[in-house]
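The file input12.tsv contains TSV, C-alpha atoms and all ligand atoms:
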chain	number	residue	atom	x	y	z
A	1	MET	CA	-24.37	0.52	-46.88
A	2	GLY	CA	-21.34	2.68	-47.65
A	3	LYS	CA	-20.01	4.92	-44.86
A	4	HIS	CA	-19.26	8.61	-44.99
A	5	PHE	CA	-15.64	9.74	-44.50
A	6	GLU	CA	-16.13	10.69	-40.82
A	7	THR	CA	-17.66	7.33	-40.05
A	8	GLU	CA	-15.13	5.36	-42.09
A	9	ILE	CA	-12.28	6.90	-40.02
A	10	LEU	CA	-13.75	5.37	-36.88
A	11	HIS	CA	-15.34	2.19	-38.08
A	12	SER	CA	-13.16	0.74	-40.83
A	13	GLU	CA	-12.39	-2.95	-40.53
A	14	LYS	CA	-9.73	-3.32	-37.80
A	15	LYS	CA	-6.78	-5.67	-37.99
A	16	LYS	CA	-7.71	-9.09	-36.71
A	17	THR	CA	-5.87	-9.39	-33.43
A	18	ARG	CA	-7.16	-12.75	-32.37
A	19	ASN	CA	-4.45	-14.89	-33.94
A	20	ILE	CA	-1.49	-12.64	-33.20
A	21	LYS	CA	0.53	-14.40	-30.52
A	22	SER	CA	2.72	-11.74	-29.03
A	23	LYS	CA	5.56	-12.91	-26.79
A	24	VAL	CA	4.65	-10.45	-24.06
A	25	THR	CA	1.26	-9.23	-22.95
A	26	PRO	CA	0.12	-6.33	-25.13
A	27	ILE	CA	-0.94	-3.07	-23.53
A	28	TYR	CA	-4.71	-3.02	-23.25
A	29	GLN	CA	-4.82	0.76	-23.44
A	30	THR	CA	-8.57	0.92	-23.42
A	31	SER	CA	-11.07	2.40	-21.02
A	32	ALA	CA	-13.69	-0.24	-21.75
A	33	PHE	CA	-14.33	-3.58	-23.47
A	34	VAL	CA	-16.95	-4.35	-26.08
A	35	PHE	CA	-19.73	-6.90	-26.16
A	36	GLN	CA	-21.35	-8.85	-28.95
A	37	ASP	CA	-24.88	-8.60	-27.62
A	38	LEU	CA	-26.91	-8.10	-24.47
A	39	GLU	CA	-26.58	-11.74	-23.56
A	40	GLU	CA	-22.81	-11.44	-23.46
A	41	LEU	CA	-23.09	-8.25	-21.44
A	42	GLU	CA	-25.46	-9.90	-18.98
A	43	GLY	CA	-23.04	-12.82	-18.84
A	44	TYR	CA	-20.30	-10.50	-17.55
A	45	TYR	CA	-22.33	-9.91	-14.40
A	46	HIS	CA	-22.59	-13.65	-13.92
A	47	GLY	CA	-18.84	-14.10	-14.10
A	48	ASN	CA	-18.45	-15.10	-17.77
A	49	GLY	CA	-15.94	-12.90	-19.48
A	50	GLN	CA	-13.65	-10.86	-17.32
A	51	TYR	CA	-13.54	-7.34	-18.55
A	52	LEU	CA	-16.07	-4.54	-18.73
A	53	TYR	CA	-14.47	-1.22	-17.83
A	54	SER	CA	-10.82	-0.54	-17.01
A	55	ARG	CA	-11.48	1.16	-13.68
A	56	THR	CA	-13.03	-2.11	-12.49
A	57	ALA	CA	-10.49	-4.43	-14.09
A	58	ASN	CA	-8.00	-4.53	-16.93
A	59	PRO	CA	-5.70	-7.34	-18.14
A	60	ASN	CA	-2.54	-5.31	-17.51
A	61	THR	CA	-3.43	-4.26	-13.98
A	62	ASP	CA	-4.56	-7.82	-13.21
A	63	GLU	CA	-1.30	-9.21	-14.55
A	64	LEU	CA	0.68	-6.92	-12.26
A	65	ALA	CA	-1.39	-7.78	-9.19
A	66	GLU	CA	-1.21	-11.52	-9.88
A	67	ALA	CA	2.54	-11.43	-10.48
A	68	VAL	CA	3.26	-9.69	-7.18
A	69	ALA	CA	0.81	-11.93	-5.31
A	70	ARG	CA	2.59	-15.02	-6.65
A	71	LEU	CA	5.99	-13.69	-5.62
A	72	GLU	CA	4.69	-12.86	-2.15
A	73	GLY	CA	3.15	-16.31	-1.78
A	74	ALA	CA	-0.34	-14.84	-1.45
A	75	PRO	CA	-3.45	-16.10	-3.26
A	76	ASP	CA	-4.69	-12.73	-4.51
A	77	GLY	CA	-3.73	-9.13	-5.15
A	78	VAL	CA	-4.96	-5.81	-6.41
A	79	ALA	CA	-3.02	-3.08	-8.19
A	80	ALA	CA	-3.59	0.59	-7.42
A	81	SER	CA	-2.54	3.99	-8.68
A	82	SER	CA	0.21	4.42	-6.06
A	83	GLY	CA	1.71	2.85	-3.00
A	84	LEU	CA	-0.47	5.08	-0.85
A	85	ALA	CA	-3.58	4.02	-2.78
A	86	ALA	CA	-2.70	0.37	-2.15
A	87	ILE	CA	-2.15	1.05	1.55
A	88	LEU	CA	-5.41	3.01	1.76
A	89	ALA	CA	-7.32	0.16	0.11
A	90	GLY	CA	-5.74	-2.28	2.55
A	91	VAL	CA	-6.59	-0.17	5.57
A	92	LEU	CA	-10.16	0.47	4.45
A	93	ALA	CA	-10.67	-3.23	3.74
A	94	VAL	CA	-10.47	-3.92	7.48
A	95	VAL	CA	-11.15	-0.61	9.25
A	96	LYS	CA	-14.08	1.78	9.20
A	97	SER	CA	-15.14	4.99	10.93
A	98	GLY	CA	-14.99	4.54	14.72
A	99	ASP	CA	-12.22	1.95	14.54
A	100	HIS	CA	-8.67	2.31	15.77
A	101	ILE	CA	-5.25	1.44	14.34
A	102	VAL	CA	-1.94	0.88	16.13
A	103	ALA	CA	0.92	1.83	13.81
A	104	ALA	CA	4.70	2.00	14.04
A	105	ASP	CA	5.96	5.51	14.82
A	106	ASP	CA	8.66	5.37	12.14
A	107	LEU	CA	6.45	4.85	9.08
A	108	TYR	CA	7.13	6.42	5.69
A	109	GLY	CA	6.11	10.10	5.98
A	110	GLY	CA	3.26	9.87	3.47
A	111	SER	CA	1.71	6.87	5.22
A	112	PHE	CA	2.05	8.62	8.55
A	113	HIS	CA	0.25	11.68	7.18
A	114	MET	CA	-2.53	9.56	5.66
A	115	LEU	CA	-3.29	7.94	9.00
A	116	LYS	CA	-2.70	10.96	11.16
A	117	ALA	CA	-4.62	13.54	9.10
A	118	GLU	CA	-6.75	12.06	6.32
A	119	LEU	CA	-8.06	8.96	8.07
A	120	HIS	CA	-8.43	10.91	11.29
A	121	ASP	CA	-10.78	13.26	9.42
A	122	LEU	CA	-12.80	10.19	8.38
A	123	GLY	CA	-13.18	9.04	11.98
A	124	ILE	CA	-10.37	6.50	12.07
A	125	GLU	CA	-7.87	7.08	14.88
A	126	THR	CA	-4.30	5.85	14.94
A	127	THR	CA	-1.91	5.49	17.86
A	128	PHE	CA	1.74	5.62	16.78
A	129	VAL	CA	4.18	3.67	18.95
A	130	SER	CA	7.64	2.23	18.72
A	131	PHE	CA	7.21	-1.29	17.36
A	132	SER	CA	10.63	-2.26	18.71
A	133	ASN	CA	8.84	-2.51	22.04
A	134	PRO	CA	6.11	-5.21	21.99
A	135	ASP	CA	4.78	-4.03	25.37
A	136	LEU	CA	4.05	-0.62	23.91
A	137	ILE	CA	2.12	-2.21	21.06
A	138	GLU	CA	0.01	-4.27	23.48
A	139	LYS	CA	-0.61	-1.30	25.76
A	140	SER	CA	-1.91	0.77	22.83
A	141	ILE	CA	-4.57	-1.77	21.86
A	142	GLN	CA	-8.11	-0.56	22.62
A	143	SER	CA	-11.49	-2.26	22.45
A	144	ASN	CA	-12.04	-0.73	18.98
A	145	THR	CA	-8.57	-1.54	17.62
A	146	LYS	CA	-8.76	-3.47	14.34
A	147	LEU	CA	-5.35	-3.22	12.73
A	148	LEU	CA	-1.60	-3.33	13.42
A	149	TYR	CA	0.36	-1.55	10.71
A	150	THR	CA	4.11	-1.45	10.17
A	151	GLU	CA	6.90	-1.72	7.56
A	152	SER	CA	9.19	-4.73	7.10
A	153	ILE	CA	12.28	-2.51	6.83
A	154	THR	CA	11.65	1.04	7.96
A	155	ASN	CA	12.39	4.25	6.14
A	156	PRO	CA	14.90	5.88	6.45
A	157	LEU	CA	16.62	4.24	9.44
A	158	LEU	CA	16.26	0.68	8.13
A	159	ARG	CA	15.01	-0.97	11.29
A	160	VAL	CA	14.07	-4.58	10.54
A	161	GLU	CA	10.68	-5.34	12.02
A	162	ASP	CA	10.19	-8.57	13.96
A	163	LEU	CA	7.07	-9.65	12.08
A	164	GLU	CA	6.66	-12.83	14.10
A	165	VAL	CA	6.10	-10.71	17.20
A	166	VAL	CA	3.60	-8.54	15.31
A	167	VAL	CA	1.69	-11.62	14.13
A	168	GLU	CA	1.69	-13.07	17.64
A	169	ILE	CA	0.26	-9.89	19.19
A	170	ALA	CA	-2.35	-9.65	16.43
A	171	GLN	CA	-3.50	-13.23	16.86
A	172	LYS	CA	-3.72	-12.87	20.61
A	173	ASN	CA	-5.87	-9.77	20.28
A	174	ASN	CA	-7.83	-10.77	17.19
A	175	LEU	CA	-6.45	-7.96	14.99
A	176	TYR	CA	-5.60	-7.69	11.31
A	177	THR	CA	-2.06	-6.95	10.22
A	178	LEU	CA	-0.82	-4.82	7.33
A	179	VAL	CA	2.85	-4.63	6.38
A	180	ASP	CA	4.43	-2.29	3.89
A	181	ASN	CA	7.06	-4.49	2.21
A	182	THR	CA	8.39	-1.85	-0.19
A	183	PHE	CA	12.00	-1.83	1.05
A	184	ALA	CA	12.51	-5.58	1.47
A	185	THR	CA	10.55	-6.72	-1.60
A	186	PRO	CA	9.50	-10.38	-1.90
A	187	TYR	CA	13.06	-11.11	-3.10
A	188	HIS	CA	14.19	-10.80	0.51
A	189	LEU	CA	11.03	-11.30	2.56
A	190	LYS	CA	7.47	-12.58	2.17
A	191	PRO	CA	5.46	-11.26	5.12
A	192	PHE	CA	2.29	-13.08	4.02
A	193	THR	CA	4.04	-16.42	4.51
A	194	LEU	CA	4.80	-15.36	8.11
A	195	GLY	CA	1.11	-14.83	8.82
A	196	ILE	CA	0.69	-11.15	7.91
A	197	ASP	CA	-2.82	-10.56	6.47
A	198	LEU	CA	-2.13	-7.79	3.97
A	199	VAL	CA	1.13	-6.83	2.29
A	200	ALA	CA	1.42	-3.50	0.49
A	201	HIS	CA	3.98	-2.20	-1.99
A	202	SER	CA	4.84	1.11	-3.41
A	203	ALA	CA	5.50	-0.48	-6.81
A	204	THR	CA	6.88	2.94	-7.71
A	205	LYS	CA	10.02	1.67	-6.00
A	206	TYR	CA	11.66	-1.77	-6.46
A	207	ILE	CA	8.76	-3.60	-8.11
A	208	GLY	CA	8.91	-1.14	-11.02
A	209	GLY	CA	12.57	-0.41	-10.41
A	210	HIS	CA	13.21	2.23	-13.07
A	211	SER	CA	11.80	5.44	-11.56
A	212	ASP	CA	9.35	5.79	-14.44
A	213	ILE	CA	5.95	4.91	-12.94
A	214	THR	CA	3.75	5.50	-9.90
A	215	ALA	CA	1.85	2.40	-8.82
A	216	GLY	CA	0.97	0.23	-5.86
A	217	VAL	CA	0.03	-3.37	-5.16
A	218	LEU	CA	-1.72	-4.98	-2.22
A	219	VAL	CA	-1.74	-8.75	-1.71
A	220	GLY	CA	-3.35	-11.09	0.77
A	221	LYS	CA	-6.13	-13.60	1.25
A	222	THR	CA	-8.83	-13.49	-1.41
A	223	GLU	CA	-11.56	-12.47	1.02
A	224	LEU	CA	-9.66	-9.36	2.18
A	225	ILE	CA	-8.41	-8.54	-1.31
A	226	GLU	CA	-12.01	-8.62	-2.58
A	227	LYS	CA	-12.82	-5.89	-0.06
A	228	ALA	CA	-9.72	-3.92	-0.99
A	229	LYS	CA	-10.59	-4.25	-4.70
A	230	ALA	CA	-13.97	-2.71	-4.00
A	231	LYS	CA	-12.21	0.27	-2.42
A	232	VAL	CA	-9.85	0.68	-5.39
A	233	VAL	CA	-12.76	0.48	-7.84
A	234	ASN	CA	-15.25	2.60	-5.93
A	235	LEU	CA	-12.77	5.26	-4.82
A	236	GLY	CA	-11.24	5.44	-8.30
A	237	ALA	CA	-7.74	4.45	-7.20
A	238	ASN	CA	-6.98	2.18	-10.16
A	239	VAL	CA	-3.64	2.25	-11.98
A	240	SER	CA	-3.60	2.87	-15.74
A	241	PRO	CA	-2.97	-0.05	-18.13
A	242	PHE	CA	0.25	1.50	-19.44
A	243	GLU	CA	1.66	2.13	-15.95
A	244	ALA	CA	0.76	-1.43	-14.97
A	245	TRP	CA	2.41	-2.76	-18.13
A	246	LEU	CA	5.63	-0.83	-17.45
A	247	THR	CA	5.61	-2.01	-13.84
A	248	THR	CA	5.16	-5.63	-14.90
A	249	ARG	CA	8.04	-5.20	-17.31
A	250	GLY	CA	10.24	-3.75	-14.55
A	251	LEU	CA	9.29	-6.58	-12.23
A	252	LYS	CA	10.90	-9.16	-14.53
A	253	THR	CA	14.36	-8.06	-13.42
A	254	LEU	CA	13.58	-7.70	-9.70
A	255	ALA	CA	15.81	-10.60	-8.70
A	256	LEU	CA	18.76	-9.39	-10.78
A	257	ARG	CA	18.40	-5.85	-9.54
A	258	MET	CA	17.88	-6.74	-5.89
A	259	GLU	CA	20.79	-9.13	-5.83
A	260	LYS	CA	23.20	-6.62	-7.32
A	261	GLN	CA	21.82	-3.58	-5.49
A	262	SER	CA	21.81	-5.34	-2.11
A	263	ARG	CA	25.39	-6.51	-2.59
A	264	ASN	CA	26.48	-3.01	-3.61
A	265	ALA	CA	24.63	-1.55	-0.63
A	266	LEU	CA	26.32	-3.90	1.82
A	267	GLN	CA	29.75	-3.05	0.42
A	268	LEU	CA	29.01	0.67	0.48
A	269	ALA	CA	27.73	0.46	4.06
A	270	LYS	CA	30.89	-1.41	5.10
A	271	ALA	CA	33.06	1.25	3.46
A	272	PHE	CA	31.11	3.94	5.34
A	273	LEU	CA	31.85	2.19	8.66
A	274	GLU	CA	35.54	2.94	8.04
A	275	ASN	CA	34.91	6.60	7.20
A	276	PRO	CA	35.81	8.98	10.08
A	277	TYR	CA	33.46	11.68	8.76
A	278	ILE	CA	30.38	9.52	9.15
A	279	ARG	CA	28.88	9.34	12.61
A	280	LYS	CA	26.40	6.54	12.01
A	281	VAL	CA	25.69	3.97	9.36
A	282	TYR	CA	22.23	2.43	9.21
A	283	TYR	CA	22.09	-0.89	7.37
A	284	PRO	CA	20.70	-4.33	8.33
A	285	PHE	CA	24.18	-5.90	8.37
A	286	ASP	CA	23.25	-9.11	10.17
A	287	VAL	CA	20.34	-10.44	8.17
A	288	LYS	CA	21.97	-11.85	5.03
A	289	ASP	CA	25.61	-12.39	4.05
A	290	ASP	CA	25.25	-10.70	0.69
A	291	GLY	CA	23.11	-7.78	1.78
A	292	TYR	CA	19.53	-7.20	2.86
A	293	GLY	CA	17.99	-4.45	0.77
A	294	ALA	CA	19.57	-1.68	-1.22
A	295	MET	CA	19.04	1.29	1.06
A	296	VAL	CA	21.83	2.71	3.20
A	297	THR	CA	21.34	5.65	5.52
A	298	ILE	CA	24.18	7.63	7.03
A	299	GLU	CA	24.53	10.44	9.49
A	300	LEU	CA	27.36	12.79	8.56
A	301	GLU	CA	29.63	14.14	11.33
A	302	LYS	CA	27.99	17.46	12.08
A	303	ASN	CA	31.16	19.27	13.02
A	304	LYS	CA	33.29	17.94	10.21
A	305	VAL	CA	31.09	17.86	7.10
A	306	ASP	CA	29.08	20.69	5.57
A	307	VAL	CA	25.79	19.00	4.62
A	308	GLU	CA	24.84	21.52	1.94
A	309	GLU	CA	28.26	21.23	0.32
A	310	PHE	CA	28.05	17.42	0.47
A	311	PHE	CA	24.81	17.47	-1.53
A	312	ARG	CA	26.37	19.90	-4.03
A	313	SER	CA	29.41	17.67	-4.51
A	314	LEU	CA	27.80	14.38	-5.47
A	315	GLY	CA	28.75	14.45	-9.16
A	316	TRP	CA	26.84	11.82	-11.12
A	317	ILE	CA	24.82	10.75	-8.08
A	318	LYS	CA	21.47	12.54	-8.33
A	319	ILE	CA	19.50	14.10	-5.51
A	320	ALA	CA	15.99	12.67	-5.87
A	321	PRO	CA	13.08	12.41	-3.45
A	322	THR	CA	12.47	8.77	-4.34
A	323	LEU	CA	14.35	5.50	-4.25
A	324	ALA	CA	14.83	2.08	-5.80
A	325	GLY	CA	15.81	3.02	-9.34
A	326	VAL	CA	18.71	1.31	-11.04
A	327	GLU	CA	20.75	4.51	-10.66
A	328	THR	CA	22.19	5.40	-7.26
A	329	SER	CA	20.44	8.44	-5.82
A	330	VAL	CA	20.32	10.25	-2.50
A	331	SER	CA	17.60	12.01	-0.60
A	332	HIS	CA	17.33	14.20	2.43
A	333	PRO	CA	14.58	12.63	4.59
A	334	LEU	CA	14.14	15.59	6.92
A	335	ILE	CA	13.04	17.95	4.15
A	336	THR	CA	11.35	15.41	1.85
A	337	SER	CA	9.94	12.00	2.82
A	338	HIS	CA	9.65	12.91	6.49
A	339	ARG	CA	8.61	16.51	6.07
A	340	ALA	CA	5.12	15.53	7.27
A	341	LEU	CA	6.52	14.46	10.63
A	342	PRO	CA	6.64	17.12	13.35
A	343	LYS	CA	10.26	18.26	13.68
A	344	GLU	CA	10.60	17.00	17.27
A	345	ALA	CA	9.21	13.60	16.25
A	346	ALA	CA	11.68	13.40	13.37
A	347	GLU	CA	14.62	14.35	15.58
A	348	SER	CA	13.60	11.97	18.33
A	349	LEU	CA	13.63	9.19	15.72
A	350	GLY	CA	17.15	10.29	14.76
A	351	ILE	CA	16.21	12.00	11.49
A	352	THR	CA	18.38	15.09	11.69
A	353	LYS	CA	19.72	17.46	9.06
A	354	GLU	CA	22.88	15.32	8.79
A	355	VAL	CA	20.94	12.19	7.84
A	356	VAL	CA	21.33	11.19	4.18
A	357	ARG	CA	19.35	8.34	2.66
A	358	ILE	CA	21.05	6.50	-0.16
A	359	SER	CA	19.29	4.31	-2.69
A	360	VAL	CA	22.05	2.15	-4.08
A	361	GLY	CA	21.95	1.33	-7.79
A	362	ILE	CA	23.51	-1.20	-10.13
A	363	GLU	CA	26.65	0.78	-11.03
A	364	HIS	CA	30.10	-0.63	-10.28
A	365	VAL	CA	30.46	-0.50	-6.52
A	366	GLU	CA	33.94	1.06	-6.65
A	367	ASP	CA	32.53	4.02	-8.55
A	368	ILE	CA	29.73	4.44	-6.01
A	369	ILE	CA	32.10	4.32	-3.04
A	370	GLY	CA	34.56	6.62	-4.83
A	371	GLN	CA	31.93	9.22	-5.62
A	372	PHE	CA	30.69	9.35	-2.01
A	373	ASN	CA	34.25	9.60	-0.67
A	374	GLN	CA	34.94	12.46	-3.05
A	375	ALA	CA	31.74	14.31	-2.01
A	376	ILE	CA	32.68	13.98	1.66
A	377	GLU	CA	36.26	15.19	1.01
A	378	GLN	CA	34.92	18.22	-0.84
A	379	ALA	CA	32.48	19.03	1.96
A	380	LEU	CA	34.93	18.90	4.86
A	381	HIS	CA	35.13	22.01	7.03
A	382	HIS	CA	38.59	23.51	6.85
B	1	LIG	C1	7.27	5.62	-1.51
B	1	LIG	C2	6.71	4.83	-0.40
B	1	LIG	C3	5.33	4.78	-0.15
B	1	LIG	C4	4.34	5.57	-0.98
B	1	LIG	O1	4.31	5.09	-2.27
B	1	LIG	P1	3.75	5.97	-3.50
B	1	LIG	O2	3.89	5.06	-4.66
B	1	LIG	O3	4.59	7.19	-3.58
B	1	LIG	O4	2.34	6.31	-3.16
B	1	LIG	C5	4.88	3.99	0.88
B	1	LIG	N1	5.74	3.29	1.66
B	1	LIG	C6	7.07	3.32	1.46
B	1	LIG	C7	7.95	2.53	2.35
B	1	LIG	C8	7.61	4.09	0.43
B	1	LIG	O5	8.93	4.14	0.25
Target format structure tokens, applied to this file:
Amino acid sequence: MGKHFETEILHSEKKKTRNIKSKVTPIYQTSAFVFQDLEELEGYYHGNGQYLYSRTANPNTDELAEAVARLEGAPDGVAASSGLAAILAGVLAVVKSGDHIVAADDLYGGSFHMLKAELHDLGIETTFVSFSNPDLIEKSIQSNTKLLYTESITNPLLRVEDLEVVVEIAQKNNLYTLVDNTFATPYHLKPFTLGIDLVAHSATKYIGGHSDITAGVLVGKTELIEKAKAKVVNLGANVSPFEAWLTTRGLKTLALRMEKQSRNALQLAKAFLENPYIRKVYYPFDVKDDGYGAMVTIELEKNKVDVEEFFRSLGWIKIAPTLAGVETSVSHPLITSHRALPKEAAESLGITKEVVRISVGIEHVEDIIGQFNQAIEQALHH
């Protein structure tokens, strides 16, 4: 039977895609998948055929999750709409109302707020303690504690967590562990291989690497990831196919980017050590000879440098409340990432107005160092 115009627009014979062998995975920009008949549909529920509806699973989001899981040395993973969504799914996979979490007191501001306010409202309590002191961690464990939660390299002061200690305390007390590995990335560190149960990423940062997506990934043992997947699906925290595709594309150059950015960061941090207008340089100098991560945090000399003028004088270096892109950028933790922290808490951690967080890019290192020196010169009090 011939079709009317309106019907023809929608139902004309589509190009046969089956035999097109594209070099990279196409974008499955579709909200759902089609079925031949009821038998095939029924088969989906028995595990034949993988895809039904993109909120539940999609080839692009699966590809991203599997790629990160492989790099982290973990058997399984799930992608989510943001780093926070991945962290939330990880937390809710092992913790429910009435349970308790012990978390590091220098977490990323957004994660801190999620635990402190949102999860608190859902009946999940968190005690925040300094993870540099194992005794404090142990002392904070209660009979309802289920989870220890920290970051492999902290934000913005770049403290390197001793994950072996965290794993030891968890095993002794029968607790799960969740580590945010956003800053280190699997290029530098694979927490799962050290015995951490769940590893979360803000893929928005180095996994994607180009400041053009918001996404998250959680990896771990299949049994826990199954639970986390249920949270992502049932709470609607899935990432879109296109975002997942872009993130997977960015991931291909993670090693190249991390190698170059870490080396640049180490050289920049060393140059800062020589600068008399910088009071403190935060960088994990001792971990690897050619740099450990691409973040450098400095504290400007309060009495010598005008902070506002410094930020105005950065030339091609952009002020941006994010990190990990290929371009060098700076942020002001006190008024952005750590805004959620009470001011006293921020200051007691050392996050003052003079603290500047630098995400080092892939430019020529001499240009990066030169631009920072020039900004400091221009901002000196006279
Ligand atoms: C940015 C960031 C997050 C949150 O990630 P989103 O993708 O913004 O949700 C979590 N942890 C760390 C360490 C981050 O830098």
Hey, which of A:Arg339, A:Ser143, A:Ile137, A:Glu40 ends up closest to Glu168 (chain A)? Count all atoms listed in the file.
A:Ile137
Spatial neighbours of Pro59 (chain A), 10 Å, only C-alpha atoms, chain gap at least 5 places, as a count of residues only
13
Give the residue list for ligand LIG 1 (chain B) at 6 Å, counting all atoms listed in the file, as a PyMOL selection string, sorted by chain and then by residue number.
chain A and resi 82-84+108+182+202+204+214-216
Which one of A:Trp316, A:Asn48, A:His4, A:Val305 sits closest to Ile278 (chain A) if you count all atoms listed in the file?
A:Val305
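Distance-wise, CA of Leu246 (chain A) and CA of Ala89 (chain A) end up 21.8 Å apart.
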Report as CSV the residues of region 50-146 of chain A within 10 Å of region 153-156 of chain A, each with its shortest atom pair and distance in Å (one decimal), using all atoms listed in the file, ordered by chain and increasing residue number.
residue,atom,partner,partner_atom,distance
A:Ala104,CA,A:Thr154,CA,9.3
A:Asp105,CA,A:Thr154,CA,10.0
A:Asp106,CA,A:Thr154,CA,6.7
A:Leu107,CA,A:Thr154,CA,6.5
A:Tyr108,CA,A:Asn155,CA,5.7
A:Gly109,CA,A:Asn155,CA,8.6
At a cut-off of 12 Å, using all atoms listed in the file, what residues contact Leu147 (chain A)? Leave out same-chain residues fewer than 5 positions from it and give the result as a short mmCIF file (atom, residue, chain, number, x, y, z; two decimals) with C-alpha atoms, in the frame of the given file.
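Just written: result.cif:
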data_model
loop_
_atom_site.label_atom_id
_atom_site.label_comp_id
_atom_site.auth_asym_id
_atom_site.auth_seq_id
_atom_site.Cartn_x
_atom_site.Cartn_y
_atom_site.Cartn_z
CA GLY A 90 -5.74 -2.28 2.55
CA VAL A 91 -6.59 -0.17 5.57
CA LEU A 92 -10.16 0.47 4.45
CA ALA A 93 -10.67 -3.23 3.74
CA VAL A 94 -10.47 -3.92 7.48
CA VAL A 95 -11.15 -0.61 9.25
CA LYS A 96 -14.08 1.78 9.20
CA ASP A 99 -12.22 1.95 14.54
CA HIS A 100 -8.67 2.31 15.77
CA ILE A 101 -5.25 1.44 14.34
CA VAL A 102 -1.94 0.88 16.13
CA ALA A 103 0.92 1.83 13.81
CA ALA A 104 4.70 2.00 14.04
CA LEU A 115 -3.29 7.94 9.00
CA ILE A 124 -10.37 6.50 12.07
CA GLU A 125 -7.87 7.08 14.88
CA THR A 126 -4.30 5.85 14.94
CA THR A 127 -1.91 5.49 17.86
CA ILE A 137 2.12 -2.21 21.06
CA SER A 140 -1.91 0.77 22.83
CA ILE A 141 -4.57 -1.77 21.86
CA GLN A 142 -8.11 -0.56 22.62
CA VAL A 166 3.60 -8.54 15.31
CA VAL A 167 1.69 -11.62 14.13
CA ILE A 169 0.26 -9.89 19.19
CA ALA A 170 -2.35 -9.65 16.43
CA GLN A 171 -3.50 -13.23 16.86
CA ASN A 173 -5.87 -9.77 20.28
CA ASN A 174 -7.83 -10.77 17.19
CA LEU A 175 -6.45 -7.96 14.99
CA TYR A 176 -5.60 -7.69 11.31
CA THR A 177 -2.06 -6.95 10.22
CA LEU A 178 -0.82 -4.82 7.33
CA VAL A 179 2.85 -4.63 6.38
CA ILE A 196 0.69 -11.15 7.91
CA ASP A 197 -2.82 -10.56 6.47
CA LEU A 198 -2.13 -7.79 3.97
#
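Residue neighbourhood of Leu341 (chain A), excluding near-sequence residues (fewer than 3 positions): Gly109, Phe112, His113, Leu334, Ser337, His338, Glu344, Ala345 and Ala346 of chain A, at 9 Å, using only C-alpha atoms.
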Can I get the selected residues back with C-alpha atoms, as a compact mmCIF listing (two decimals), in the frame of the given file?
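What ended up in part24.txt:
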# COMPACT_ATOMS: atom_id res chain seq x y z
CA GLY A 109 6.11 10.10 5.98
CA PHE A 112 2.05 8.62 8.55
CA HIS A 113 0.25 11.68 7.18
CA LEU A 334 14.14 15.59 6.92
CA SER A 337 9.94 12.00 2.82
CA HIS A 338 9.65 12.91 6.49
CA GLU A 344 10.60 17.00 17.27
CA ALA A 345 9.21 13.60 16.25
CA ALA A 346 11.68 13.40 13.37
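Of the residues under consideration (A:Ala320, A:Glu377, A:Gly73, A:Met295), A:Gly73 shows the shortest atom-to-atom contact distance to Pro191 (chain A) when counting all atoms listed in the file.
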Show which residues sit within 8 Å of Ser313 (chain A), as a PyMOL selection string. Count only C-alpha atoms, and ignore same-chain residues fewer than 3 positions away.
chain A and resi 309-310+374-376+378-379
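Considering all atoms listed in the file, the residue among A:Val356, A:Leu256, A:Val233, A:Ile20 positioned nearest to Gly209 (chain A) is A:Leu256.
Atom pair CA of Met114 (chain A) / CA of Val281 (chain A) has a distance of 29.0 Å (rounded to one decimal).
As for CA of Ser262 (chain A) and CA of Ser130 (chain A), they are spaced 26.3 Å apart.
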